[in-house]
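This is query_13.txt (compact mmCIF, C-alpha atoms and all ligand atoms).
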# COMPACT_ATOMS: atom_id res chain seq x y z
CA MET A 67 266.61 -101.71 112.87
CA LEU A 68 264.03 -99.48 111.24
CA ASN A 69 264.60 -95.89 112.23
CA ILE A 70 261.34 -93.97 111.85
CA LYS A 71 261.85 -90.28 112.43
CA LYS A 72 258.98 -88.71 114.31
CA LYS A 73 257.44 -85.66 112.70
CA ASP A 74 257.98 -82.25 114.24
CA ILE A 75 255.00 -80.86 116.12
CA MET A 76 252.93 -77.83 115.11
CA PHE A 77 250.48 -76.18 117.52
CA THR A 78 247.91 -73.52 116.81
CA GLY A 79 244.64 -72.24 118.26
CA ILE A 80 241.75 -69.84 117.84
CA GLN A 81 239.39 -68.32 120.39
CA PRO A 82 235.83 -69.56 119.89
CA THR A 83 234.33 -66.11 120.36
CA GLY A 84 231.76 -65.17 117.76
CA LEU A 85 232.24 -66.18 114.20
CA LEU A 86 235.59 -66.68 112.55
CA THR A 87 236.69 -64.24 109.90
CA LEU A 88 238.50 -64.09 106.61
CA GLY A 89 241.43 -62.73 108.67
CA ASN A 90 241.57 -65.95 110.72
CA TYR A 91 241.35 -67.91 107.49
CA CYS A 92 244.09 -66.08 105.58
CA GLY A 93 246.35 -65.76 108.65
CA THR A 94 246.35 -69.45 109.54
CA MET A 95 243.44 -71.70 108.51
CA CYS A 96 244.11 -71.59 104.76
CA ASN A 97 247.32 -73.46 105.50
CA TRP A 98 245.90 -76.10 107.84
CA LYS A 99 245.17 -78.71 105.19
CA ASP A 100 248.73 -78.69 103.84
CA ILE A 101 250.59 -78.27 107.09
CA GLN A 102 249.31 -81.64 108.32
CA LYS A 103 251.35 -83.37 105.62
CA LYS A 104 254.55 -82.00 107.10
CA TYR A 105 253.96 -81.90 110.87
CA GLU A 106 252.06 -83.66 113.59
CA CYS A 107 249.45 -81.01 114.35
CA PHE A 108 247.48 -79.90 117.39
CA PHE A 109 244.51 -77.61 116.72
CA CYS A 110 243.23 -76.09 119.93
CA ILE A 111 239.84 -74.47 120.48
CA ALA A 112 241.03 -71.87 122.97
CA ASP A 113 237.90 -71.44 125.09
CA LEU A 114 239.82 -70.47 128.25
CA HIS A 115 241.29 -67.57 126.31
CA ALA A 116 237.80 -66.59 125.24
CA LEU A 117 236.86 -66.10 128.90
CA THR A 118 239.05 -63.00 129.00
CA THR A 119 236.38 -61.13 127.05
CA PHE A 120 233.50 -63.09 128.54
CA SER A 121 230.28 -61.18 129.10
CA ARG A 122 228.67 -61.75 132.47
CA SER A 123 225.26 -60.77 131.15
CA GLY A 124 224.33 -64.38 130.52
CA SER A 125 224.42 -63.92 126.76
CA ASN A 126 227.17 -66.52 126.55
CA LYS A 127 224.77 -69.21 127.64
CA ASN A 128 223.87 -71.65 124.93
CA SER A 129 222.72 -75.23 124.86
CA ILE A 130 225.12 -77.86 126.10
CA LYS A 131 225.33 -81.43 124.92
CA ASN A 132 227.75 -83.74 126.76
CA ASN A 133 229.91 -80.79 127.86
CA PHE A 134 230.05 -79.33 124.37
CA SER A 135 228.31 -76.00 123.81
CA THR A 136 226.84 -74.92 120.51
CA ALA A 137 229.70 -72.45 120.03
CA ILE A 138 232.32 -75.18 120.49
CA LEU A 139 230.58 -77.51 118.04
CA ASP A 140 230.33 -74.64 115.52
CA ILE A 141 234.05 -74.01 115.70
CA ALA A 142 234.91 -77.69 115.59
CA ALA A 143 232.86 -78.07 112.42
CA LEU A 144 234.59 -75.04 110.95
CA TYR A 145 238.05 -76.41 111.79
CA LEU A 146 237.15 -79.62 109.97
CA SER A 147 235.64 -77.72 107.02
CA CYS A 148 238.91 -75.84 106.60
CA GLY A 149 240.78 -79.11 106.21
CA VAL A 150 241.70 -80.45 109.65
CA ASP A 151 241.81 -84.22 109.31
CA PRO A 152 240.93 -85.78 112.70
CA ASN A 153 242.53 -89.08 111.67
CA ARG A 154 245.81 -87.33 111.26
CA SER A 155 245.75 -84.45 113.74
CA THR A 156 244.48 -83.66 117.20
CA ILE A 157 241.62 -81.21 117.55
CA PHE A 158 240.58 -80.46 121.12
CA VAL A 159 238.96 -78.01 123.53
CA GLN A 160 241.45 -76.23 125.78
CA SER A 161 239.28 -76.27 128.93
CA HIS A 162 238.81 -80.04 128.65
CA VAL A 163 242.52 -80.67 129.15
CA TYR A 164 243.38 -79.62 132.69
CA THR A 165 247.15 -79.59 132.14
CA HIS A 166 246.87 -76.18 130.42
CA SER A 167 245.63 -74.28 133.45
CA GLN A 168 248.08 -76.07 135.75
CA LEU A 169 251.14 -75.24 133.67
CA TYR A 170 249.79 -71.72 133.21
CA TRP A 171 250.04 -71.08 136.96
CA ILE A 172 253.54 -72.52 137.16
CA LEU A 173 254.78 -70.46 134.21
CA SER A 174 253.31 -67.28 135.64
CA ASN A 175 256.14 -67.49 138.17
CA PHE A 176 258.62 -67.14 135.34
CA VAL A 177 257.23 -64.00 133.67
CA TYR A 178 257.65 -60.45 134.86
CA PHE A 179 254.92 -57.88 135.29
CA GLY A 180 256.86 -55.45 133.07
CA GLU A 181 257.02 -57.98 130.23
CA LEU A 182 253.26 -58.46 130.22
CA SER A 183 252.65 -54.71 130.49
CA ARG A 184 254.56 -54.22 127.26
CA MET A 185 252.26 -56.47 125.20
CA THR A 186 250.79 -54.30 122.44
CA GLN A 187 247.48 -56.18 122.31
CA PHE A 188 246.96 -55.65 126.02
CA LYS A 189 247.82 -51.96 125.73
CA GLN A 190 245.41 -51.60 122.81
CA LYS A 191 242.58 -53.29 124.70
CA LEU A 192 243.36 -51.14 127.73
CA SER A 193 243.17 -47.96 125.67
CA LEU A 194 239.77 -48.96 124.28
CA THR A 195 238.29 -49.58 127.69
CA VAL A 196 237.13 -46.49 129.46
CA ASN A 197 235.68 -46.67 132.97
CA THR A 198 235.36 -50.46 132.97
CA PRO A 199 237.63 -52.67 135.01
CA ILE A 200 240.15 -54.82 133.14
CA ASN A 201 240.31 -58.53 133.99
CA LEU A 202 243.58 -59.88 135.30
CA SER A 203 243.17 -62.70 132.77
CA LEU A 204 243.48 -60.24 129.89
CA PHE A 205 246.85 -59.22 131.29
CA CYS A 206 248.07 -62.80 131.84
CA TYR A 207 246.71 -64.15 128.55
CA PRO A 208 250.15 -64.71 126.89
CA VAL A 209 251.19 -66.94 129.80
CA LEU A 210 248.27 -69.25 129.06
CA MET A 211 249.43 -69.30 125.45
CA ALA A 212 252.87 -70.32 126.67
CA ALA A 213 251.34 -73.21 128.63
CA ASP A 214 249.30 -74.33 125.59
CA ILE A 215 252.35 -74.44 123.40
CA LEU A 216 255.05 -75.73 125.74
CA LEU A 217 252.99 -78.71 126.93
CA TYR A 218 253.22 -80.41 123.54
CA HIS A 219 256.96 -80.40 122.69
CA THR A 220 255.90 -77.92 120.04
CA ASN A 221 258.47 -77.14 117.35
CA TYR A 222 256.36 -74.68 115.36
CA VAL A 223 253.46 -72.36 116.11
CA LEU A 224 251.41 -71.06 113.20
CA VAL A 225 249.89 -67.63 113.86
CA GLY A 226 249.04 -64.33 112.20
CA SER A 227 251.49 -61.49 112.73
CA ASP A 228 249.37 -59.93 115.51
CA GLN A 229 250.43 -62.83 117.75
CA LYS A 230 254.17 -62.49 117.07
CA GLN A 231 254.93 -60.51 120.21
CA HIS A 232 253.11 -63.07 122.37
CA LEU A 233 255.08 -65.86 120.75
CA GLU A 234 258.36 -64.09 121.36
CA LEU A 235 257.42 -63.93 125.02
CA VAL A 236 256.65 -67.67 124.97
CA GLN A 237 260.16 -68.27 123.63
CA LYS A 238 261.58 -66.10 126.40
CA ILE A 239 259.65 -67.99 129.09
CA ALA A 240 260.87 -71.34 127.74
CA HIS A 241 264.48 -70.11 127.67
CA ARG A 242 264.20 -68.72 131.17
CA PHE A 243 262.79 -71.96 132.59
CA ASN A 244 265.36 -74.07 130.74
CA SER A 245 268.24 -71.92 131.92
CA ILE A 246 267.33 -72.78 135.52
CA TYR A 247 266.13 -76.38 135.24
CA GLY A 248 267.78 -77.81 132.14
CA ASN A 249 266.21 -78.50 128.79
CA ILE A 250 262.65 -79.15 129.87
CA PHE A 251 260.88 -77.23 127.10
CA ILE A 252 261.44 -77.07 123.38
CA VAL A 253 261.71 -73.43 122.33
CA PRO A 254 259.22 -73.19 119.45
CA ASP A 255 259.76 -71.41 116.15
CA ILE A 256 257.13 -68.95 114.99
CA LEU A 257 255.51 -69.71 111.64
CA ILE A 258 253.98 -66.67 109.97
CA LEU A 259 252.65 -67.08 106.44
CA PRO A 260 254.39 -64.78 103.95
CA VAL A 261 251.08 -63.45 102.63
CA GLY A 262 247.80 -62.87 104.51
CA ASN A 263 249.35 -62.77 107.97
CA LYS A 264 247.58 -59.48 108.66
CA ILE A 265 244.37 -58.93 106.76
CA MET A 266 243.05 -55.43 107.22
CA ALA A 267 239.54 -54.00 107.67
CA LEU A 268 237.77 -53.56 104.32
CA GLN A 269 236.61 -49.99 104.99
CA ASP A 270 239.72 -48.94 106.91
CA PRO A 271 242.77 -50.81 105.64
CA THR A 272 245.01 -49.24 108.26
CA LYS A 273 243.54 -51.44 111.01
CA LYS A 274 243.30 -55.22 111.37
CA MET A 275 240.18 -57.11 110.28
CA SER A 276 238.61 -58.21 113.52
CA LYS A 277 235.54 -60.18 114.54
CA SER A 278 234.65 -57.58 117.16
CA ASP A 279 234.67 -54.60 114.78
CA LYS A 280 231.53 -52.52 115.31
CA ASN A 281 231.37 -51.72 111.61
CA THR A 282 230.42 -55.10 110.14
CA ASN A 283 231.33 -53.86 106.65
CA ASN A 284 234.95 -54.11 107.74
CA THR A 285 234.82 -57.84 108.34
CA ILE A 286 233.99 -60.91 106.31
CA PHE A 287 232.76 -63.85 108.36
CA LEU A 288 233.33 -67.38 107.17
CA LEU A 289 229.70 -68.32 107.78
CA GLU A 290 228.24 -65.15 106.35
CA ASN A 291 225.70 -65.13 103.55
CA ILE A 292 227.61 -65.33 100.26
CA HIS A 293 225.73 -62.45 98.69
CA SER A 294 226.62 -60.23 101.63
CA ILE A 295 230.30 -61.20 101.29
CA TYR A 296 230.16 -60.29 97.63
CA LEU A 297 228.70 -56.87 98.37
CA LYS A 298 231.22 -56.13 101.12
CA LEU A 299 234.11 -56.84 98.75
CA GLN A 300 232.56 -54.77 95.99
CA ARG A 301 232.26 -51.85 98.41
CA SER A 302 235.69 -52.28 99.97
CA LEU A 303 237.85 -49.19 100.10
CA THR A 304 240.45 -48.85 97.37
CA ASP A 305 242.85 -45.98 96.97
CA SER A 306 242.49 -42.68 95.24
CA ASP A 307 245.84 -42.96 93.44
CA CYS A 308 244.81 -44.00 89.93
CA SER A 309 248.17 -43.60 88.23
CA SER A 310 249.27 -45.84 85.37
CA SER A 311 249.70 -49.05 87.31
CA CYS A 312 246.69 -49.06 89.59
CA ILE A 313 246.72 -52.58 90.93
CA ARG A 314 250.02 -52.77 92.73
CA TYR A 315 251.19 -53.87 96.13
CA ASP A 316 252.27 -50.83 98.12
CA ILE A 317 251.16 -50.95 101.74
CA LEU A 318 252.18 -47.38 102.48
CA ASN A 319 250.54 -45.60 99.56
CA LYS A 320 247.89 -48.13 98.55
CA PRO A 321 246.82 -49.98 101.71
CA GLY A 322 243.36 -50.83 100.34
CA VAL A 323 244.51 -52.43 97.09
CA SER A 324 247.44 -54.11 98.85
CA ASN A 325 245.05 -55.72 101.31
CA LEU A 326 242.82 -56.97 98.50
CA LEU A 327 245.87 -58.34 96.67
CA SER A 328 246.88 -60.25 99.82
CA ILE A 329 243.40 -61.76 100.08
CA PHE A 330 243.47 -62.67 96.37
CA SER A 331 246.87 -64.29 96.75
CA CYS A 332 245.70 -66.39 99.75
CA MET A 333 242.61 -67.57 97.91
CA THR A 334 244.42 -68.58 94.72
CA ASN A 335 247.94 -69.40 95.90
CA LYS A 336 249.17 -67.04 93.18
CA LYS A 337 252.10 -64.81 94.04
CA ILE A 338 251.31 -61.12 94.45
CA SER A 339 253.74 -60.23 91.65
CA ILE A 340 251.85 -62.56 89.29
CA LEU A 341 248.56 -60.92 90.25
CA GLU A 342 250.01 -57.45 89.74
CA ASP A 343 250.98 -58.55 86.26
CA GLU A 344 247.62 -60.15 85.54
CA PHE A 345 245.66 -57.03 86.56
CA LYS A 346 248.19 -54.48 85.31
CA ASN A 347 245.81 -52.65 83.03
CA CYS A 348 242.59 -53.41 84.82
CA GLN A 349 240.19 -51.06 86.51
CA TYR A 350 239.50 -51.50 90.21
CA SER A 351 235.95 -52.63 89.46
CA ILE A 352 237.13 -55.57 87.33
CA PHE A 353 239.77 -56.54 89.86
CA LYS A 354 237.21 -56.45 92.66
CA LYS A 355 234.75 -58.54 90.68
CA LYS A 356 237.38 -61.25 90.12
CA LEU A 357 238.39 -61.07 93.77
CA SER A 358 234.79 -61.37 94.93
CA ASP A 359 234.36 -64.44 92.72
CA VAL A 360 237.38 -66.27 94.13
CA VAL A 361 236.59 -65.38 97.75
CA CYS A 362 232.95 -66.40 97.37
CA ASP A 363 233.91 -69.67 95.67
CA THR A 364 236.32 -70.60 98.46
CA ILE A 365 233.94 -69.65 101.24
CA SER A 366 231.00 -71.40 99.54
CA GLU A 367 233.01 -74.63 99.51
CA ILE A 368 233.86 -74.26 103.19
CA GLN A 369 230.24 -73.53 104.05
CA ALA A 370 228.94 -76.53 102.11
CA ILE A 371 231.16 -78.87 104.14
CA TYR A 372 230.40 -76.98 107.34
CA PHE A 373 226.61 -77.21 107.10
CA LYS A 374 226.82 -80.93 106.36
CA LEU A 375 229.18 -81.65 109.25
CA ARG A 376 227.29 -79.42 111.66
CA GLN A 377 224.24 -81.68 111.40
CA ASP A 378 226.15 -84.62 112.83
CA GLU A 379 226.78 -83.50 116.41
CA ASP A 380 227.57 -87.04 117.57
CA TYR A 381 230.42 -87.20 115.08
CA LEU A 382 231.78 -83.79 116.15
CA ILE A 383 231.62 -84.82 119.81
CA ASP A 384 233.43 -88.09 119.05
CA VAL A 385 236.19 -86.18 117.28
CA LEU A 386 236.60 -83.79 120.22
CA ILE A 387 236.58 -86.55 122.84
CA HIS A 388 239.23 -88.43 120.87
CA GLY A 389 241.26 -85.21 120.56
CA GLU A 390 240.95 -84.50 124.27
CA LYS A 391 242.30 -87.97 125.15
CA ASN A 392 245.24 -87.54 122.84
CA ALA A 393 246.01 -84.02 124.05
CA LEU A 394 245.92 -85.20 127.65
CA LYS A 395 248.17 -88.17 126.87
CA TYR A 396 250.79 -85.87 125.33
CA SER A 397 250.64 -82.98 127.73
CA ILE A 398 250.56 -84.94 130.98
CA ASN A 399 254.11 -86.17 130.43
CA LYS A 400 255.42 -82.63 130.18
CA LEU A 401 253.45 -81.51 133.22
CA ASP A 402 254.82 -84.49 135.20
CA ASP A 403 258.39 -83.47 134.27
CA VAL A 404 257.72 -79.94 135.47
CA PHE A 405 256.13 -81.11 138.74
CA GLN A 406 259.06 -83.39 139.44
CA ILE A 407 261.68 -80.76 138.79
CA LEU A 408 259.87 -78.28 141.03
CA ASN A 409 259.32 -80.91 143.76
CA LEU A 410 255.57 -80.51 143.57
P1 LIG B 501 242.65 -65.26 117.75
O1 LIG B 501 241.49 -66.12 118.08
O2 LIG B 501 242.57 -63.81 118.00
O3 LIG B 501 243.06 -65.47 116.25
C1 LIG B 501 243.31 -66.76 115.74
C2 LIG B 501 244.39 -66.72 114.68
O4 LIG B 501 243.97 -65.89 113.59
C3 LIG B 501 244.96 -64.90 113.35
N1 LIG B 501 244.30 -63.66 112.91
C4 LIG B 501 244.59 -63.01 111.79
N2 LIG B 501 245.50 -63.26 110.82
C5 LIG B 501 245.55 -62.40 109.78
N3 LIG B 501 244.78 -61.30 109.67
C6 LIG B 501 243.86 -61.00 110.61
N4 LIG B 501 243.09 -59.93 110.48
C7 LIG B 501 243.74 -61.88 111.74
N5 LIG B 501 242.94 -61.91 112.83
C8 LIG B 501 243.30 -62.99 113.55
C9 LIG B 501 245.68 -64.71 114.69
O5 LIG B 501 246.97 -64.19 114.52
C10 LIG B 501 245.70 -66.13 115.22
O6 LIG B 501 246.78 -66.85 114.70
N6 LIG B 501 245.58 -66.26 121.63
C11 LIG B 501 245.21 -66.69 120.31
C12 LIG B 501 244.68 -68.12 120.32
C13 LIG B 501 245.62 -69.08 120.96
C14 LIG B 501 246.81 -69.61 120.39
C15 LIG B 501 247.38 -70.45 121.40
C16 LIG B 501 247.42 -69.46 119.16
C17 LIG B 501 245.50 -69.58 122.22
N7 LIG B 501 246.56 -70.42 122.47
C18 LIG B 501 248.56 -71.12 121.18
C19 LIG B 501 248.61 -70.15 118.94
C20 LIG B 501 249.17 -70.97 119.93
C21 LIG B 501 244.12 -65.77 119.79
O7 LIG B 501 243.45 -65.12 120.52
O8 LIG B 501 243.97 -65.85 118.46
Could you spell out this file's structure in structure tokens?
Amino acid sequence: MLNIKKKDIMFTGIQPTGLLTLGNYCGTMCNWKDIQKKYECFFCIADLHALTTFSRSGSNKNSIKNNFSTAILDIAALYLSCGVDPNRSTIFVQSHVYTHSQLYWILSNFVYFGELSRMTQFKQKLSLTVNTPINLSLFCYPVLMAADILLYHTNYVLVGSDQKQHLELVQKIAHRFNSIYGNIFIVPDILILPVGNKIMALQDPTKKMSKSDKNTNNTIFLLENIHSIYLKLQRSLTDSDCSSSCIRYDILNKPGVSNLLSIFSCMTNKKISILEDEFKNCQYSIFKKKLSDVVCDTISEIQAIYFKLRQDEDYLIDVLIHGEKNALKYSINKLDDVFQILNL
């Protein structure tokens, strides 16, 4: 009898808030094309997570076509432009698959208040918010991540290093549930890319590049004008230490150059040590020019595919409806198991 081994499952997601950044790209998306060869992949558009920072001013309103907002179609087109192959992988909108919010509630009974209070991202967001109330959802956010992941028999989760602590909590929740009810959930491994897993702000390389940064010179957006990207990289902060070997990877003493080397390595797939060698005797200005060229080339390619795909909304909607059906088919089995075991 033919014994066909099923591929392991990889799950990942991004919040569709604002425009995606070079950080999102280097931390995960640059690997999406290749990872589909190895694993069966689920790419989630995490719109329920995006509600945690939802503005009630009405500015989130945008046109809706068959349940798909402009923002969702933008992100779907960007996922595809970065190499997601809908014939091979599942790409879907989190809020369209009801199993996520149901498992979320169940899992919230298996997480402690203290554990969620220790989440660094939550603490950071809390410290930035003065005199405004904090949503409960912001606090519970990692539990929803646990539901997303555990519904799909996920073996691997690809994320940037800022999500590591959340993923460790997901592992803990799965272990805790399994220790009471038997092996219901697979405990997923965390996949963090060796380079690019934490891209830093261009003008302040001690903090993470983020789409919500008030200083837009800190962030490169994937759909930004190419000339503007070029200028931002040219103006990016390097380090004052201009000793013999200027272009070297040293996060502590040369955070600016180290960050640019990480970006260069992601764009070219060249090891950092090879790049250090290549630019050993170069001035910062030459290094930055080469870097700007490779970043702009890569992003131009993505944008060319994006703008073409974005015109065909019917195609994007078809892809998402197909993904939604597949995601539901997979996740409903796991939710049924959980309901049965809890006598629900
Ligand atoms: P989000 O939308 O904040 O970020 C999406 C992915 O991009 C990575 N990332 C970065 N990587 C390197 N450098 C940066 N500067 C940078 N900024 C962001 C993040 O680590 C992440 O991998 N909660 C998640 C979305 C999510 C999810 C999931 C992820 C929802 N459910 C299940 C994995 C599995 C989030 O807000 O990511």
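Here CA of Leu217 in chain A stands at a distance of 27.3 Å from CA of Lys189 in chain A.
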With all atoms listed in the file counted and 7 Å as the cut-off, give the residues of chain A in contact with ligand LIG 501 (chain B), each with its shortest interatomic distance in Å and the pair that gives it, as CSV.
residue,atom,partner,partner_atom,distance
A:Phe77,CA,B:LIG501,C20,5.9
A:Thr78,CA,B:LIG501,C19,4.0
A:Gly79,CA,B:LIG501,C14,4.0
A:Ile80,CA,B:LIG501,O1,3.7
A:Gln81,CA,B:LIG501,O1,3.8
A:Pro82,CA,B:LIG501,O1,6.9
A:Gly89,CA,B:LIG501,C6,3.6
A:Asn90,CA,B:LIG501,O4,3.7
A:Tyr91,CA,B:LIG501,O4,6.9
A:Cys92,CA,B:LIG501,C5,5.8
A:Gly93,CA,B:LIG501,N2,3.4
A:Thr94,CA,B:LIG501,O6,5.8
A:Ala112,CA,B:LIG501,C17,5.1
A:His115,CA,B:LIG501,C17,6.2
A:Leu210,CA,B:LIG501,N7,6.9
A:Met211,CA,B:LIG501,N7,4.3
A:Asp214,CA,B:LIG501,C18,5.5
A:Ile215,CA,B:LIG501,C18,5.5
A:Val223,CA,B:LIG501,C20,5.9
A:Leu224,CA,B:LIG501,O6,6.4
A:Val225,CA,B:LIG501,O6,3.3
A:Gly226,CA,B:LIG501,O5,3.1
A:Ser227,CA,B:LIG501,O5,5.6
A:Asp228,CA,B:LIG501,O5,5.0
A:Gln229,CA,B:LIG501,O5,4.9
A:Gly262,CA,B:LIG501,C5,5.7
A:Asn263,CA,B:LIG501,C5,4.2
A:Lys264,CA,B:LIG501,N3,3.5
A:Ile265,CA,B:LIG501,N3,3.8
A:Met266,CA,B:LIG501,N4,5.6
A:Lys274,CA,B:LIG501,N4,4.8
A:Met275,CA,B:LIG501,N4,4.1
A:Ser276,CA,B:LIG501,N4,5.7
Problem set entry | Among the residues A:Val404, A:Ile130, A:Val163, A:Leu194, the one that comes closest to Ile246 in chain A [using all atoms listed in the file] | A:Val404
Exercise. Contacts of range 85-88 of chain A at 12 Å or less, counting all atoms listed in the file, minus same-chain residues fewer than 2 places along, as a PyMOL selection string?
Worked result: chain A and resi 80-83+90-96+111+137-138+140-145+148+226+262-268+274-279+282+284-290+295+299+325-326+328-330+332-333+361-362+364-365+368
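Taking CA of Lys374 in chain A as the reference point, CA of Trp98 in chain A is found at 19.7 Å.
Taking CA of Asp378 in chain A and CA of Ile75 in chain A as endpoints, the distance between them is 29.3 Å.
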Problem set entry | Nearest to Pro254 in chain A, chosen from A:Asn133, A:Gln231, A:Asn283, A:Asn221, with all atoms listed in the file counted in the distances |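 Closest to Pro254 in chain A, using all atoms listed in the file: A:Asn221.
Among the candidate residues A:Leu375, A:Leu408, A:Cys348, A:Ala116, the one lying nearest to Asn175 in chain A is A:Leu408, with distances computed using only C-alpha atoms.
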